[in-house]
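**Q** Here it is, the structure, as structure tokens.
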Amino acid sequence: MLGHTTRSLFHVREYAMSSIINAVHTAVSGLNAQSHAFTDLSNNIANSQTTGYKASTTSFEDYVTNNELANDGESLSDSVAATTRQHTDNQGMVTTSTNSTALAISGNGFFNVVQATGQSNDSTPVLGTQQYYTRNGDFSQDKNGYLVNTSGYYLEGYNVDASTGTLGTSLSAIQVPSTIAFRPTESTKLTATGTLDSSSTTADMPTTAYDSTGAATKVDLTWTKVNDTTWTVKDANDTTGTSNSATVTFDSTGAVSSVTSQDSTGASSTSSSSFNYTGSPQDMTVSLSGVTLGSANTVSMTSDSVTTGTFSGISMETDGSVMATFDNGYSQLVAKIPLTTFADPNSLSAQNGQAYTATSQSGSPQINAVNTNGAGTLTTGSIEESTTDLTGDLSKLIVAQQAYGANTKVVSTADQLLQTTLAMIQ
């Protein structure tokens with residue numbers, strides 16, 4: 001009888017010890033899980049003032065296993081695990097910045113950025129090929145004219161070709177050096193001035209006109225005398241003579257009294273002092289009011305294009321345009337900023353400096369123009385604040401602290417129970 005009782009006590013002790021050890025394992029996993037939560041909360045709190053930071057949360061899940069302590073069809077929870085959940089799709093508050101080149105996104109898009117991998121011999125950055133995405137739009141120009149945010153990432157966009165004035169179609173780092181040249185503005189009006197020698201029969205008025213990209217084209221208008229008060233003016237390059245021609249009549253004082261022109265369809269029109277020029281580089285108005293009859297040929301023609309300007313800075317536009325500003329009051333497009341979206345932005349891989357890389361779970365990057373396909377709008381001279389809820393996270397910190405303390409209590413209690421159980425049969 002005594003032997004049977006002893007065996008029963010040994011069985012009870014083994015069962016109890018197994019249960020207590022299982023409880024210890026569960027409590028330890030609880031300590032690890034709460035430590036994980038502490039890490040997430042401390043990261044959020046530490047980055048409560050970080051531009052473009054997206055706060056994360058902690059999710060808990062239990063691990064259930066079947067073992068000899070469970071009855072048939074039952075399970076026991078052996079442990080708990082914590083995982084970090086990103087919330088990159090949360091919108092941060094947009095606030096005004098003293099930095100005029102800062103940009104804030106309101107929507108689902110990300111800026112396209114790259115990192116420097118080193119420097120060349122002339123101290124310009126060597127940019128890497130790894131594509132990154134960020135919501136940190138606190139950009140400023142570095143010494144080389146690149147737009148770099150506070151985390152050291154270089155902003156990418158579609159740059160304007162300096163030689164052709166056309167917008168590129170592939171992403172590259174946006175650079176606006178202080179040596180950037182001013183592109184002549186598009187010519188809209190040609191103005192003739194000076195005198196026509198009433199004793200001569202012809203005179204030329206060559207000038208340079210510019211198209212919308214700043215490319216130069218020579219325009220040459222030729223005067224031909226008809227009689228003492230009538231001259232014709234026409235495009236010297238028009239061999240057909242059916243367009244860009246006009247008959248100019250002068251009054252008794254030698255001033256222009258009327259201009260009768262003919263367009264390419266043969267239709268004629270009369271004006272007091274101008275006619276419409278059509279063709280290369282574009283349609284323009286030709287003003288002849290400054291021409292008079294005289295004793296010498298001094299007639300000349302100028303374009304209304306502004307051809308010179310000194311770079312004075314850059315400005316950002318809400319449509320993503322990066323403009324170079326000049327001391328002549330003009331601004332010119334130098335780059336266009338697109339925004340990239342993802343099917344699941346919360347599955348992006350977080351990197352240093354509020355940046356992300358694409359993953360198979362996030363989906364492929366989709367590059368969009370600003371304010372299209374949900375990419376969002378841009379606010380200039382502003383930044384997107386951290387999405388950390390400081391009050392909420394401090395409350396969660398207290399809860400995590402209590403849960404951590406409760407798990408330590410389980411461990412210490414289990415230790416006492418183990419000591420008691422071991423002492424059952426001695």
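Residues are referred to by chain and number: the chain letter is A, B, ... according to the order shown in the structure tokens, the number counts from 1 in that chain, and ligands are numbered separately from 1 in the order shown.
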Find the residues around segment 328-340 of chain A up to 8 Å (only C-alpha atoms counted), leave out those fewer than 4 positions away in its own chain, and share them as a PyMOL selection string.

**A** chain A and resi 109-112+133+156-160+167+174+176+182-183+308-310+320-324+365-370+375-376

**Q** Could you tell me how far atom CA of Ile45 of chain A lies from atom CA of Phe60 of chain A, in Å and to one decimal?

**A**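 That distance, rounded to one decimal, is 19.9 Å.
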
**Q** Quick one: residues within 8 Å of Thr357 of chain A, only C-alpha atoms counted, chain neighbours fewer than 3 positions away excluded, as a ChimeraX atom specification?

**A** /A:131-133,348-351

**Q** How would the residues just picked look written out with all heavy atoms as an mmCIF file, in the first residue's frame?

**A**
data_model
loop_
_atom_site.group_PDB
_atom_site.id
_atom_site.type_symbol
_atom_site.label_atom_id
_atom_site.label_comp_id
_atom_site.auth_asym_id
_atom_site.auth_seq_id
_atom_site.Cartn_x
_atom_site.Cartn_y
_atom_site.Cartn_z
ATOM 1 N N GLN A 131 17.108 51.646 -55.078
ATOM 2 C CA GLN A 131 15.999 52.585 -55.011
ATOM 3 C C GLN A 131 15.363 52.562 -53.625
ATOM 4 O O GLN A 131 15.033 51.507 -53.091
ATOM 5 C CB GLN A 131 14.939 52.236 -56.053
ATOM 6 C CG GLN A 131 13.832 53.261 -56.188
ATOM 7 C CD GLN A 131 14.326 54.564 -56.785
ATOM 8 O OE1 GLN A 131 14.775 54.621 -57.918
ATOM 9 N NE2 GLN A 131 14.256 55.640 -56.003
ATOM 10 N N TYR A 132 15.189 53.754 -53.042
ATOM 11 C CA TYR A 132 14.546 53.895 -51.744
ATOM 12 C C TYR A 132 13.324 54.793 -51.899
ATOM 13 O O TYR A 132 13.184 55.538 -52.884
ATOM 14 C CB TYR A 132 15.500 54.521 -50.719
ATOM 15 C CG TYR A 132 16.698 53.677 -50.377
ATOM 16 C CD1 TYR A 132 17.905 53.845 -51.056
ATOM 17 C CD2 TYR A 132 16.640 52.723 -49.372
ATOM 18 C CE1 TYR A 132 19.011 53.072 -50.742
ATOM 19 C CE2 TYR A 132 17.748 51.949 -49.043
ATOM 20 C CZ TYR A 132 18.926 52.136 -49.727
ATOM 21 O OH TYR A 132 20.024 51.364 -49.416
ATOM 22 N N TYR A 133 12.458 54.714 -50.899
ATOM 23 C CA TYR A 133 11.232 55.517 -50.878
ATOM 24 C C TYR A 133 11.076 56.116 -49.484
ATOM 25 O O TYR A 133 11.376 55.468 -48.489
ATOM 26 C CB TYR A 133 10.018 54.647 -51.231
ATOM 27 C CG TYR A 133 10.236 53.861 -52.497
ATOM 28 C CD1 TYR A 133 10.727 52.561 -52.453
ATOM 29 C CD2 TYR A 133 9.995 54.430 -53.751
ATOM 30 C CE1 TYR A 133 10.965 51.845 -53.612
ATOM 31 C CE2 TYR A 133 10.228 53.723 -54.917
ATOM 32 C CZ TYR A 133 10.723 52.427 -54.838
ATOM 33 O OH TYR A 133 10.964 51.721 -55.992
ATOM 34 N N LEU A 348 6.372 47.288 -46.966
ATOM 35 C CA LEU A 348 7.692 47.777 -47.365
ATOM 36 C C LEU A 348 8.712 47.421 -46.290
ATOM 37 O O LEU A 348 8.370 47.279 -45.111
ATOM 38 C CB LEU A 348 7.663 49.288 -47.568
ATOM 39 C CG LEU A 348 6.857 49.800 -48.755
ATOM 40 C CD1 LEU A 348 6.678 51.318 -48.671
ATOM 41 C CD2 LEU A 348 7.526 49.429 -50.069
ATOM 42 N N SER A 349 9.949 47.298 -46.701
ATOM 43 C CA SER A 349 11.026 46.978 -45.761
ATOM 44 C C SER A 349 11.630 48.271 -45.234
ATOM 45 O O SER A 349 12.156 49.085 -46.003
ATOM 46 C CB SER A 349 12.108 46.143 -46.450
ATOM 47 O OG SER A 349 13.185 45.888 -45.578
ATOM 48 N N ALA A 350 11.536 48.467 -43.911
ATOM 49 C CA ALA A 350 12.033 49.702 -43.297
ATOM 50 C C ALA A 350 13.553 49.746 -43.312
ATOM 51 O O ALA A 350 14.219 48.750 -43.027
ATOM 52 C CB ALA A 350 11.507 49.821 -41.869
ATOM 53 N N GLN A 351 14.108 50.915 -43.632
ATOM 54 C CA GLN A 351 15.552 51.137 -43.647
ATOM 55 C C GLN A 351 15.866 52.329 -42.737
ATOM 56 O O GLN A 351 14.961 52.990 -42.218
ATOM 57 C CB GLN A 351 16.041 51.412 -45.080
ATOM 58 C CG GLN A 351 15.627 50.365 -46.096
ATOM 59 C CD GLN A 351 16.216 49.001 -45.822
ATOM 60 O OE1 GLN A 351 17.359 48.887 -45.378
ATOM 61 N NE2 GLN A 351 15.438 47.944 -46.086
#

**Q** I'd like the contact shell of Thr50 of chain A - 12 Å cut-off, only C-alpha atoms, skipping same-chain residues fewer than 4 positions apart - returned as a PyMOL selection string.

**A** chain A and resi 43-46+54-55+92+135-138+150-151+353-354+383-388

**Q** For the selection just defined, write its residues with N, CA and C atoms to a file, as a PDB file, in the first residue's frame.

**A**
ATOM      1  N   ASN A  43      10.701  53.240 -29.503  1.00  0.00           N
ATOM      2  CA  ASN A  43      11.069  53.738 -30.825  1.00  0.00           C
ATOM      3  C   ASN A  43      10.089  54.817 -31.269  1.00  0.00           C
ATOM      4  N   ASN A  44       8.807  54.578 -31.041  1.00  0.00           N
ATOM      5  CA  ASN A  44       7.796  55.585 -31.391  1.00  0.00           C
ATOM      6  C   ASN A  44       8.010  56.872 -30.604  1.00  0.00           C
ATOM      7  N   ILE A  45       8.220  56.720 -29.301  1.00  0.00           N
ATOM      8  CA  ILE A  45       8.381  57.896 -28.442  1.00  0.00           C
ATOM      9  C   ILE A  45       9.650  58.662 -28.815  1.00  0.00           C
ATOM     10  N   ALA A  46      10.733  57.938 -29.083  1.00  0.00           N
ATOM     11  CA  ALA A  46      11.991  58.591 -29.454  1.00  0.00           C
ATOM     12  C   ALA A  46      11.870  59.348 -30.766  1.00  0.00           C
ATOM     13  N   LYS A  54       6.801  57.003 -39.380  1.00  0.00           N
ATOM     14  CA  LYS A  54       5.537  56.294 -39.275  1.00  0.00           C
ATOM     15  C   LYS A  54       5.580  55.368 -38.065  1.00  0.00           C
ATOM     16  N   ALA A  55       4.749  55.666 -37.075  1.00  0.00           N
ATOM     17  CA  ALA A  55       4.729  54.883 -35.842  1.00  0.00           C
ATOM     18  C   ALA A  55       4.261  53.460 -36.112  1.00  0.00           C
ATOM     19  N   GLY A  92       0.501  61.657 -41.590  1.00  0.00           N
ATOM     20  CA  GLY A  92       0.963  62.537 -40.533  1.00  0.00           C
ATOM     21  C   GLY A  92       0.432  63.943 -40.741  1.00  0.00           C
ATOM     22  N   ARG A 135       8.945  59.370 -46.898  1.00  0.00           N
ATOM     23  CA  ARG A 135       7.978  60.455 -46.715  1.00  0.00           C
ATOM     24  C   ARG A 135       8.657  61.673 -46.086  1.00  0.00           C
ATOM     25  N   ASN A 136       9.945  61.570 -45.851  1.00  0.00           N
ATOM     26  CA  ASN A 136      10.693  62.695 -45.288  1.00  0.00           C
ATOM     27  C   ASN A 136      11.008  63.678 -46.410  1.00  0.00           C
ATOM     28  N   GLY A 137      10.183  64.710 -46.513  1.00  0.00           N
ATOM     29  CA  GLY A 137      10.351  65.678 -47.594  1.00  0.00           C
ATOM     30  C   GLY A 137      11.070  66.950 -47.182  1.00  0.00           C
ATOM     31  N   ASP A 138      11.842  66.885 -46.105  1.00  0.00           N
ATOM     32  CA  ASP A 138      12.575  68.068 -45.644  1.00  0.00           C
ATOM     33  C   ASP A 138      13.860  68.196 -46.458  1.00  0.00           C
ATOM     34  N   THR A 150      16.942  65.465 -44.674  1.00  0.00           N
ATOM     35  CA  THR A 150      17.686  65.489 -43.417  1.00  0.00           C
ATOM     36  C   THR A 150      18.266  64.129 -43.047  1.00  0.00           C
ATOM     37  N   SER A 151      17.831  63.071 -43.741  1.00  0.00           N
ATOM     38  CA  SER A 151      18.391  61.741 -43.507  1.00  0.00           C
ATOM     39  C   SER A 151      19.484  61.392 -44.504  1.00  0.00           C
ATOM     40  N   GLY A 353      16.722  56.026 -41.489  1.00  0.00           N
ATOM     41  CA  GLY A 353      16.393  57.367 -41.966  1.00  0.00           C
ATOM     42  C   GLY A 353      15.029  57.506 -42.596  1.00  0.00           C
ATOM     43  N   GLN A 354      14.006  56.849 -42.033  1.00  0.00           N
ATOM     44  CA  GLN A 354      12.639  56.931 -42.533  1.00  0.00           C
ATOM     45  C   GLN A 354      12.526  56.573 -44.011  1.00  0.00           C
ATOM     46  N   ILE A 383       6.295  70.231 -43.897  1.00  0.00           N
ATOM     47  CA  ILE A 383       6.770  68.877 -43.622  1.00  0.00           C
ATOM     48  C   ILE A 383       5.629  68.049 -43.042  1.00  0.00           C
ATOM     49  N   GLU A 384       5.774  66.733 -43.170  1.00  0.00           N
ATOM     50  CA  GLU A 384       4.818  65.814 -42.563  1.00  0.00           C
ATOM     51  C   GLU A 384       5.374  65.360 -41.222  1.00  0.00           C
ATOM     52  N   GLU A 385       4.629  65.592 -40.171  1.00  0.00           N
ATOM     53  CA  GLU A 385       5.098  65.244 -38.831  1.00  0.00           C
ATOM     54  C   GLU A 385       5.014  63.740 -38.579  1.00  0.00           C
ATOM     55  N   SER A 386       5.699  63.306 -37.527  1.00  0.00           N
ATOM     56  CA  SER A 386       5.644  61.916 -37.086  1.00  0.00           C
ATOM     57  C   SER A 386       4.206  61.540 -36.733  1.00  0.00           C
ATOM     58  N   THR A 387       3.843  60.269 -36.969  1.00  0.00           N
ATOM     59  CA  THR A 387       2.499  59.803 -36.623  1.00  0.00           C
ATOM     60  C   THR A 387       2.436  59.238 -35.207  1.00  0.00           C
ATOM     61  N   THR A 388       3.493  59.406 -34.440  1.00  0.00           N
ATOM     62  CA  THR A 388       3.492  58.929 -33.050  1.00  0.00           C
ATOM     63  C   THR A 388       2.393  59.617 -32.238  1.00  0.00           C
TER      64      THR A 388
END

**Q** For segment 233-236 of chain A, find every residue with an atom within 6 Å (counting only C-alpha atoms), except residues of its own chain fewer than 2 positions away, and show them as an NGL selection string.

**A** :A and (220-223 or 238 or 244-246)

**Q** Per DSSP on the backbone, filter segment 306-361 of chain A down to the residues in strand (DSSP E) and report them as a ChimeraX atom specification.

**A** /A:311-316,321-326,331-336,339-341,349-351,355-357

**Q** Counting only C-alpha atoms, what is within 7 Å of Gly214 of chain A, bar same-chain residues fewer than 3 positions away, as a PyMOL selection string?

**A** chain A and resi 165+183-186+210-211

**Q** Ser29 of chain A: which residues within 7 Å, counting only C-alpha atoms, same-chain residues fewer than 3 positions away excluded, as a PDB file with C-alpha atoms, in the first residue's frame?

**A**
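Full text of selection34.pdb as output:
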ATOM      1  CA  HIS A  25       8.223  28.953 -20.273  1.00  0.00           C
ATOM      2  CA  THR A  26       4.976  30.812 -20.939  1.00  0.00           C
ATOM      3  CA  ASN A  32      10.130  38.597 -24.198  1.00  0.00           C
ATOM      4  CA  ALA A  33       6.886  39.767 -25.797  1.00  0.00           C
ATOM      5  CA  SER A  79       3.821  30.795 -25.139  1.00  0.00           C
ATOM      6  CA  VAL A  80       3.144  34.212 -26.610  1.00  0.00           C
ATOM      7  CA  ALA A  81       5.018  36.060 -29.346  1.00  0.00           C
TER       8      ALA A  81
END

**Q** As an exercise, work out the distance from atom CA of Gln282 of chain A to atom CA of Val248 of chain A in Å and give it to one decimal place.

**A**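 Atom-to-atom, atom CA of Gln282 of chain A and atom CA of Val248 of chain A are spaced 22.7 Å apart.
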
**Q** Just how far from atom CA of Ala355 of chain A is atom CA of Thr379 of chain A, in Å to one decimal?

**A** 19.8 Å
